[in-house]
Amino acid sequence: AFARGAVDVHSRSQVYVWNGTEFQFYQHLTSHRTLFISPFQVDDSHYLIFPSWQDATDSSHNTNSFVFKWSGAQFELHQTIPTRGASSTSVWTVFRYVFVAIANYFEDLRGYKTDSEVYIWRDGQLRKFRSIATHAGISIHPFTVCGKQLIAVANRGSGEASKTFVYAMLSSL
């Protein structure tokens with residue numbers, strides 16, 4: 001299935017399926033002004049995570065992001081995650097552990113100085129693993145260098161706030 005993010009705060013996201021010659025509409029999914037979608041798999045289950053940029057009803061950036069699970073016939077809501085102007089996600093695996101990083105861009109009370117979050121898949125859901133200090137986190141990506149797990153976060157702003165930071169995952173699982 002192919003998913004397309006909403007471009008309007010009042011839009012829903014759509015899933016399309018390839019019929020052999022073209023993509024056909026398959027399903028609507030709830031989202032709040034989603035800018036980026038990440039598919040991931042845990043064992044034999046398939047998921048989509050929709051980071052929410054802004055709530056459709058009150059324009060709050062402090063809103064839930066959505067994790068949908070494939071039921072065999074359609075995607076169903078599996079979990080909500082509190083986020084703050086979530087702009088992007090990345091998914092990766094270290095050994096047998098699945099991680100999801102969410103770049104948070106804007107928090108209603110603190111503005112652009114909001115932490116981004118790393119989640120780990122445990123007991124059938126994403127659980128908060130670590131917070132990463134960011135300033136208007138716009139993009140977040142994991143990578144490996146010489147066996148070290150690193151995460152790069154692009155911040156948006158001016159001066160010191162616009163720097164991109166690289167964090168190492170040093171704690172044991």
# chains A, B, ... in the order shown; residues from 1 in each chain; ligands from 1

call {"tool": "residues_around", "arguments": {"residues": "Ile49 of chain A", "least_positions_apart": "4", "cutoff": "7 Å", "atoms": "only C-alpha atoms", "output": "PyMOL selection string"}}
result
chain A and resi 37-39+66-68

call {"tool": "closest_atom_pairs", "arguments": {"of": "segment 114-156 of chain A", "to": "segment 70-84 of chain A", "cutoff": "10 Å", "atoms": "only C-alpha atoms", "output": "CSV"}}
result
residue,atom,partner,partner_atom,distance
A:Thr114,CA,A:Arg84,CA,7.6
A:Asp115,CA,A:Arg84,CA,8.7
A:Ser116,CA,A:Arg84,CA,8.5
A:Glu117,CA,A:Thr83,CA,8.6
A:Tyr119,CA,A:Ile81,CA,9.8
A:Gly124,CA,A:His78,CA,9.4
A:Gln125,CA,A:Gln79,CA,7.2
A:Leu126,CA,A:Gln79,CA,8.0
A:Arg127,CA,A:Ile81,CA,9.0
A:Lys128,CA,A:Ile81,CA,9.3
A:Ala136,CA,A:Arg84,CA,10.0

call {"tool": "residues_around", "arguments": {"residues": "Thr134 of chain A", "least_positions_apart": "6", "cutoff": "9 Å", "atoms": "only C-alpha atoms", "output": "count of residues only"}}
result
13

call {"tool": "closest_residue", "arguments": {"among": "A:Asp58, A:Thr93, A:Ser87, A:Gly20", "to": "Thr34 of chain A", "atoms": "only C-alpha atoms"}}
result
A:Ser87

call {"tool": "atom_distance", "arguments": {"atom1": "atom CA of Arg12 of chain A", "atom2": "atom CA of Gly85 of chain A"}}
result
16.9 Å

call {"tool": "residues_around", "arguments": {"residues": "Pro142 of chain A", "least_positions_apart": "4", "cutoff": "8 Å", "atoms": "only C-alpha atoms", "output": "list in words"}}
result
Ser90, Val91, Trp92, Gln149, Leu150, Ile151 and Ala152 of chain A
